[in-house]
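S.K.: Contents are PDB, C-alpha atoms; file name target-v3.pdb:
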ATOM      1  CA  MET A   1     122.278 108.140  74.270
ATOM      2  CA  GLN A   2     123.751 109.273  70.943
ATOM      3  CA  SER A   3     120.326 110.403  69.701
ATOM      4  CA  VAL A   4     119.817 112.476  72.837
ATOM      5  CA  VAL A   5     123.144 114.216  72.350
ATOM      6  CA  ARG A   6     122.598 114.861  68.634
ATOM      7  CA  SER A   7     120.196 117.596  69.635
ATOM      8  CA  SER A   8     122.816 119.191  71.887
ATOM      9  CA  SER A   9     122.571 122.462  69.960
ATOM     10  CA  GLN A  10     119.211 122.822  71.705
ATOM     11  CA  SER A  11     120.726 122.110  75.114
ATOM     12  CA  ASN A  12     120.038 124.300  78.112
ATOM     13  CA  LEU A  13     123.348 124.373  79.986
ATOM     14  CA  GLU A  14     121.842 126.071  83.031
ATOM     15  CA  ASN A  15     119.339 123.222  83.317
ATOM     16  CA  GLY A  16     122.219 120.776  82.819
ATOM     17  CA  LYS A  17     124.061 122.320  85.746
ATOM     18  CA  THR A  18     120.885 122.178  87.822
ATOM     19  CA  MET A  19     120.478 118.471  86.929
ATOM     20  CA  PHE A  20     124.118 117.856  87.877
ATOM     21  CA  THR A  21     123.719 119.648  91.196
ATOM     22  CA  LYS A  22     120.512 117.786  91.995
ATOM     23  CA  HIS A  23     121.383 114.271  90.785
ATOM     24  CA  CYS A  24     125.189 114.025  90.634
ATOM     25  CA  GLY A  25     126.673 116.786  92.757
ATOM     26  CA  THR A  26     125.769 115.109  96.025
ATOM     27  CA  CYS A  27     128.639 112.691  95.409
ATOM     28  CA  HIS A  28     130.705 114.140  92.547
ATOM     29  CA  ARG A  29     132.676 117.366  92.213
ATOM     30  CA  LEU A  30     132.906 119.326  88.991
ATOM     31  CA  PHE A  31     134.756 122.631  88.689
ATOM     32  CA  GLY A  32     135.280 122.730  92.464
ATOM     33  CA  GLU A  33     131.609 122.270  93.400
ATOM     34  CA  GLY A  34     129.862 119.185  94.734
ATOM     35  CA  GLY A  35     130.441 116.232  97.008
ATOM     36  CA  LYS A  36     133.500 114.119  97.677
ATOM     37  CA  VAL A  37     132.070 110.599  97.842
ATOM     38  CA  GLY A  38     132.613 109.851  94.149
ATOM     39  CA  PRO A  39     135.390 110.894  91.787
ATOM     40  CA  ASP A  40     136.013 114.543  90.968
ATOM     41  CA  LEU A  41     134.838 114.703  87.346
ATOM     42  CA  THR A  42     136.742 117.867  86.436
ATOM     43  CA  GLY A  43     139.790 116.006  85.103
ATOM     44  CA  TYR A  44     137.848 113.176  83.467
ATOM     45  CA  GLU A  45     137.564 112.765  79.704
ATOM     46  CA  ARG A  46     134.076 114.254  79.680
ATOM     47  CA  SER A  47     134.167 115.129  75.976
ATOM     48  CA  ASN A  48     134.209 111.390  75.129
ATOM     49  CA  LEU A  49     130.506 110.507  75.026
ATOM     50  CA  ASP A  50     131.146 106.738  74.979
ATOM     51  CA  PHE A  51     133.255 106.949  78.150
ATOM     52  CA  LEU A  52     130.778 109.298  79.814
ATOM     53  CA  SER A  53     127.761 107.182  78.848
ATOM     54  CA  LEU A  54     129.274 103.945  80.147
ATOM     55  CA  ALA A  55     130.239 105.558  83.451
ATOM     56  CA  ILE A  56     126.685 106.839  83.939
ATOM     57  CA  ILE A  57     124.718 103.861  82.609
ATOM     58  CA  ASP A  58     126.885 101.111  84.137
ATOM     59  CA  PRO A  59     128.803 102.638  87.047
ATOM     60  CA  SER A  60     130.039  99.212  88.174
ATOM     61  CA  ALA A  61     131.769  98.500  84.830
ATOM     62  CA  ALA A  62     134.989 100.255  85.865
ATOM     63  CA  ILE A  63     135.583 101.304  89.463
ATOM     64  CA  ARG A  64     138.840 102.999  90.418
ATOM     65  CA  GLU A  65     140.471 101.358  93.438
ATOM     66  CA  GLU A  66     140.023 104.368  95.716
ATOM     67  CA  PHE A  67     136.277 104.305  94.977
ATOM     68  CA  THR A  68     135.726 100.615  95.661
ATOM     69  CA  ASN A  69     132.581 100.076  97.697
ATOM     70  CA  TYR A  70     133.055  97.991 100.845
ATOM     71  CA  ARG A  71     130.500  96.070 102.861
ATOM     72  CA  LEU A  72     131.182  95.944 106.589
ATOM     73  CA  LEU A  73     129.282  93.582 108.892
ATOM     74  CA  THR A  74     129.530  94.279 112.610
ATOM     75  CA  ALA A  75     129.470  91.619 115.312
ATOM     76  CA  ASP A  76     125.945  92.751 116.282
ATOM     77  CA  GLY A  77     124.647  92.358 112.697
ATOM     78  CA  GLN A  78     124.746  95.969 111.503
ATOM     79  CA  VAL A  79     125.670  96.336 107.818
ATOM     80  CA  LEU A  80     127.511  99.394 106.502
ATOM     81  CA  SER A  81     128.336 100.151 102.903
ATOM     82  CA  GLY A  82     130.799 102.770 101.738
ATOM     83  CA  LEU A  83     134.323 103.740 100.816
ATOM     84  CA  LEU A  84     137.294 102.996 103.050
ATOM     85  CA  GLU A  85     138.394 106.389 104.239
ATOM     86  CA  ASN A  86     140.937 105.388 106.877
ATOM     87  CA  GLN A  87     142.262 102.261 108.550
ATOM     88  CA  THR A  88     144.321 101.916 111.692
ATOM     89  CA  PRO A  89     145.177  98.797 113.681
ATOM     90  CA  GLU A  90     142.271  99.706 115.995
ATOM     91  CA  THR A  91     139.565 101.149 113.700
ATOM     92  CA  VAL A  92     138.119 101.322 110.194
ATOM     93  CA  THR A  93     136.488 104.536 108.981
ATOM     94  CA  MET A  94     134.038 104.327 106.090
ATOM     95  CA  ARG A  95     132.445 107.130 104.054
ATOM     96  CA  THR A  96     128.813 106.237 103.309
ATOM     97  CA  ALA A  97     126.935 107.172 100.127
ATOM     98  CA  GLU A  98     125.336 109.973 102.137
ATOM     99  CA  GLY A  99     128.802 111.374 102.824
ATOM    100  CA  ASN A 100     128.899 110.459 106.513
ATOM    101  CA  ALA A 101     132.116 109.183 108.094
ATOM    102  CA  VAL A 102     131.482 106.146 110.294
ATOM    103  CA  ARG A 103     134.274 104.758 112.483
ATOM    104  CA  VAL A 104     134.048 101.163 113.702
ATOM    105  CA  ASP A 105     136.384  99.471 116.167
ATOM    106  CA  ARG A 106     138.099  96.467 114.580
ATOM    107  CA  ASP A 107     137.013  94.355 117.573
ATOM    108  CA  ASP A 108     133.400  95.001 116.485
ATOM    109  CA  ILE A 109     133.921  93.937 112.846
ATOM    110  CA  GLU A 110     132.689  90.509 111.786
ATOM    111  CA  SER A 111     133.692  90.951 108.122
ATOM    112  CA  LEU A 112     134.873  93.605 105.682
ATOM    113  CA  GLN A 113     134.638  92.822 101.967
ATOM    114  CA  ALA A 114     135.132  94.744  98.743
ATOM    115  CA  SER A 115     132.039  94.831  96.555
ATOM    116  CA  PRO A 116     132.005  94.694  92.751
ATOM    117  CA  VAL A 117     129.007  97.056  92.829
ATOM    118  CA  SER A 118     129.563 100.810  92.682
ATOM    119  CA  LEU A 119     128.095 103.160  95.268
ATOM    120  CA  MET A 120     126.698 105.119  92.309
ATOM    121  CA  PRO A 121     123.145 103.964  91.666
ATOM    122  CA  GLU A 122     122.340 102.315  88.358
ATOM    123  CA  ASN A 123     119.494 103.717  86.263
ATOM    124  CA  ILE A 124     120.142 107.194  87.635
ATOM    125  CA  LEU A 125     118.964 108.732  84.357
ATOM    126  CA  ASP A 126     115.576 106.985  84.484
ATOM    127  CA  ALA A 127     114.055 109.751  86.611
ATOM    128  CA  LEU A 128     115.053 112.428  84.077
ATOM    129  CA  SER A 129     113.255 113.524  80.932
ATOM    130  CA  THR A 130     115.002 113.233  77.563
ATOM    131  CA  GLU A 131     115.590 116.987  77.642
ATOM    132  CA  ASP A 132     117.086 116.835  81.137
ATOM    133  CA  VAL A 133     119.460 114.025  80.071
ATOM    134  CA  ARG A 134     120.466 116.025  76.975
ATOM    135  CA  ASP A 135     121.086 119.123  79.105
ATOM    136  CA  LEU A 136     123.043 117.176  81.744
ATOM    137  CA  LEU A 137     125.317 115.548  79.161
ATOM    138  CA  ALA A 138     125.877 118.860  77.385
ATOM    139  CA  TYR A 139     126.794 120.470  80.716
ATOM    140  CA  LEU A 140     129.151 117.623  81.651
ATOM    141  CA  GLN A 141     130.943 118.008  78.322
ATOM    142  CA  GLN A 142     131.635 121.721  78.830
ATOM    143  CA  PRO A 143     135.311 122.554  79.374
ATOM    144  CA  MET A 144     134.460 125.415  81.759
ATOM    145  CA  GLN A 145     132.011 126.155  84.568
ATOM    146  CA  ILE A 146     128.565 127.445  83.608
ATOM    147  CA  PRO A 147     127.111 130.037  86.007
ATOM    148  CA  LEU A 148     123.601 129.462  87.349
ATOM    149  CA  THR A 149     121.086 132.252  87.265
ATOM    150  CA  SER A 150     118.588 132.690  90.077
ATOM    151  CA  ASP A 151     115.801 131.815  87.595
ATOM    152  CA  SER A 152     117.238 128.350  86.925
ATOM    153  CA  ILE A 153     117.663 127.698  90.652
ATOM    154  CA  ASP A 154     114.089 128.771  91.416
ATOM    155  CA  ALA A 155     112.671 126.627  88.591
ATOM    156  CA  ASN A 156     113.938 123.434  90.186
TER     157      ASN A 156
END
Just give me the structure as structure tokens.

M.R.:
Amino acid sequence: MQSVVRSSSQSNLENGKTMFTKHCGTCHRLFGEGGKVGPDLTGYERSNLDFLSLAIIDPSAAIREEFTNYRLLTADGQVLSGLLENQTPETVTMRTAEGNAVRVDRDDIESLQASPVSLMPENILDALSTEDVRDLLAYLQQPMQIPLTSDSIDAN
């Protein structure tokens, strides 16, 4: 990862933002844009490459409590995986990796267990080229939002 970032002077921040939007922004927010399944990355220590690398390469290494993945088994054998969004004495509402809220009556729950595995997929960088990883990391380390041009949107 360090060798990829060493060439950050050659980074294309617009491509980095495009990579974020395409591969990370479904779940994560940054600068007010993106999903709400995973943590909002705006306030994270994104300038620390070691911290950033570990979070991306091994997302299960450190999971904040509010982002613990739960596995719910219903009485009829259906399995749901997601974050606990709300609990009442009557129901449990989970937020799936796709961002959908699913409410299940407690009477229909066979088991509900916390998982040590993050909702964030491992090996997420494997589908990206070295240049795309470099651009993504450079974008994530920026202290301010980078505007996208229509050319960078059309290219991807």

S.K.: Excluding A:Cys27 and any residue of its chain fewer than 5 positions from it, enumerate the residues within 12 Å of it, using only C-alpha atoms, and give them as number ranges by chain.

M.R.: A: 20-22, 33-41, 67, 82-83, 95-100, 119-121

S.K.: To one decimal place in Å, what is the distance between atom CA of A:Ile56 and atom CA of A:Ala101?

M.R.: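 About the pair atom CA of A:Ile56 and atom CA of A:Ala101: they are 24.9 Å apart.
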
S.K.: Give as a ChimeraX atom specification the residues that the PyMOL selection byres ((chain A and resi 53) around 12) matches when applied to the coordinates above.

M.R.: /A:1-2,4-5,45-52,54-59,61,122-125,133-134,136-138,140-141

S.K.: Could you state the separation of atom CA of A:Thr130 and atom CA of A:Ser11 in Å, given to one decimal place?

M.R.: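 Straight-line distance from atom CA of A:Thr130 to atom CA of A:Ser11 works out to 10.8 Å.
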
S.K.: For a quick check of understanding, using only C-alpha atoms, which of A:Arg106, A:Asn69, A:Pro143, A:Thr74 has the smallest distance to A:Pro89?

M.R.: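 Looking only at the distances to A:Pro89, the closest residue turns out to be A:Arg106.
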
S.K.: If we draw a sphere of 8 Å around (122.3, 122.9, 85.1), which residues have at least one atom in it when counting all atoms listed in the file? Please report them as a PDB file with C-alpha atoms, keeping the file's coordinate frame.

M.R.:
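File produced: point-v6.pdb:
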ATOM      1  CA  ASN A  12     120.038 124.300  78.112  1.00  0.00           C
ATOM      2  CA  LEU A  13     123.348 124.373  79.986  1.00  0.00           C
ATOM      3  CA  GLU A  14     121.842 126.071  83.031  1.00  0.00           C
ATOM      4  CA  ASN A  15     119.339 123.222  83.317  1.00  0.00           C
ATOM      5  CA  GLY A  16     122.219 120.776  82.819  1.00  0.00           C
ATOM      6  CA  LYS A  17     124.061 122.320  85.746  1.00  0.00           C
ATOM      7  CA  THR A  18     120.885 122.178  87.822  1.00  0.00           C
ATOM      8  CA  MET A  19     120.478 118.471  86.929  1.00  0.00           C
ATOM      9  CA  PHE A  20     124.118 117.856  87.877  1.00  0.00           C
ATOM     10  CA  THR A  21     123.719 119.648  91.196  1.00  0.00           C
ATOM     11  CA  ASP A 135     121.086 119.123  79.105  1.00  0.00           C
ATOM     12  CA  LEU A 136     123.043 117.176  81.744  1.00  0.00           C
ATOM     13  CA  TYR A 139     126.794 120.470  80.716  1.00  0.00           C
ATOM     14  CA  ILE A 146     128.565 127.445  83.608  1.00  0.00           C
ATOM     15  CA  LEU A 148     123.601 129.462  87.349  1.00  0.00           C
ATOM     16  CA  SER A 152     117.238 128.350  86.925  1.00  0.00           C
TER      17      SER A 152
END

S.K.: Expressed in Å to a single decimal, how great is the separation between atom CA of A:Asp107 and atom CA of A:Asp76?

M.R.: 11.3 Å

S.K.: Could you pull the residues within 8 Å of A:Phe31, counting only C-alpha atoms, minus those fewer than 6 positions along the same chain, as JSON, numbers by chain?

M.R.: {"A": [42, 144, 145]}

S.K.: Any chance you could work out the residue set of the PyMOL selection byres ((chain A and resi 78) around 12) here, as a ChimeraX atom specification?

M.R.: /A:71-77,79-81,104,108-112

S.K.: Grab the residues selected above and save them as a PDB file, in the coordinates of the input with C-alpha atoms.

M.R.:
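Contents of the output file out_12.pdb:
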ATOM      1  CA  ARG A  71     130.500  96.070 102.861  1.00  0.00           C
ATOM      2  CA  LEU A  72     131.182  95.944 106.589  1.00  0.00           C
ATOM      3  CA  LEU A  73     129.282  93.582 108.892  1.00  0.00           C
ATOM      4  CA  THR A  74     129.530  94.279 112.610  1.00  0.00           C
ATOM      5  CA  ALA A  75     129.470  91.619 115.312  1.00  0.00           C
ATOM      6  CA  ASP A  76     125.945  92.751 116.282  1.00  0.00           C
ATOM      7  CA  GLY A  77     124.647  92.358 112.697  1.00  0.00           C
ATOM      8  CA  VAL A  79     125.670  96.336 107.818  1.00  0.00           C
ATOM      9  CA  LEU A  80     127.511  99.394 106.502  1.00  0.00           C
ATOM     10  CA  SER A  81     128.336 100.151 102.903  1.00  0.00           C
ATOM     11  CA  VAL A 104     134.048 101.163 113.702  1.00  0.00           C
ATOM     12  CA  ASP A 108     133.400  95.001 116.485  1.00  0.00           C
ATOM     13  CA  ILE A 109     133.921  93.937 112.846  1.00  0.00           C
ATOM     14  CA  GLU A 110     132.689  90.509 111.786  1.00  0.00           C
ATOM     15  CA  SER A 111     133.692  90.951 108.122  1.00  0.00           C
ATOM     16  CA  LEU A 112     134.873  93.605 105.682  1.00  0.00           C
TER      17      LEU A 112
END

S.K.: Residues near A:Val92, anyone? I mean within 8 Å using all atoms listed in the file, not counting same-chain ones fewer than 6 positions away, as a PDB file with C-alpha atoms, keeping the file's coordinate frame.

M.R.:
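Final output, saved to result-v1.pdb:
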ATOM      1  CA  LEU A  84     137.294 102.996 103.050  1.00  0.00           C
ATOM      2  CA  GLU A  85     138.394 106.389 104.239  1.00  0.00           C
ATOM      3  CA  ASN A  86     140.937 105.388 106.877  1.00  0.00           C
ATOM      4  CA  ARG A 103     134.274 104.758 112.483  1.00  0.00           C
ATOM      5  CA  VAL A 104     134.048 101.163 113.702  1.00  0.00           C
ATOM      6  CA  ASP A 105     136.384  99.471 116.167  1.00  0.00           C
ATOM      7  CA  ARG A 106     138.099  96.467 114.580  1.00  0.00           C
TER       8      ARG A 106
END

S.K.: Evaluate the PyMOL selection byres ((chain A and resi 114) around 7) and record the selected residues as a PyMOL selection string, following the chain and residue labels used in the document.

M.R.: chain A and resi 68-71+113+115-116
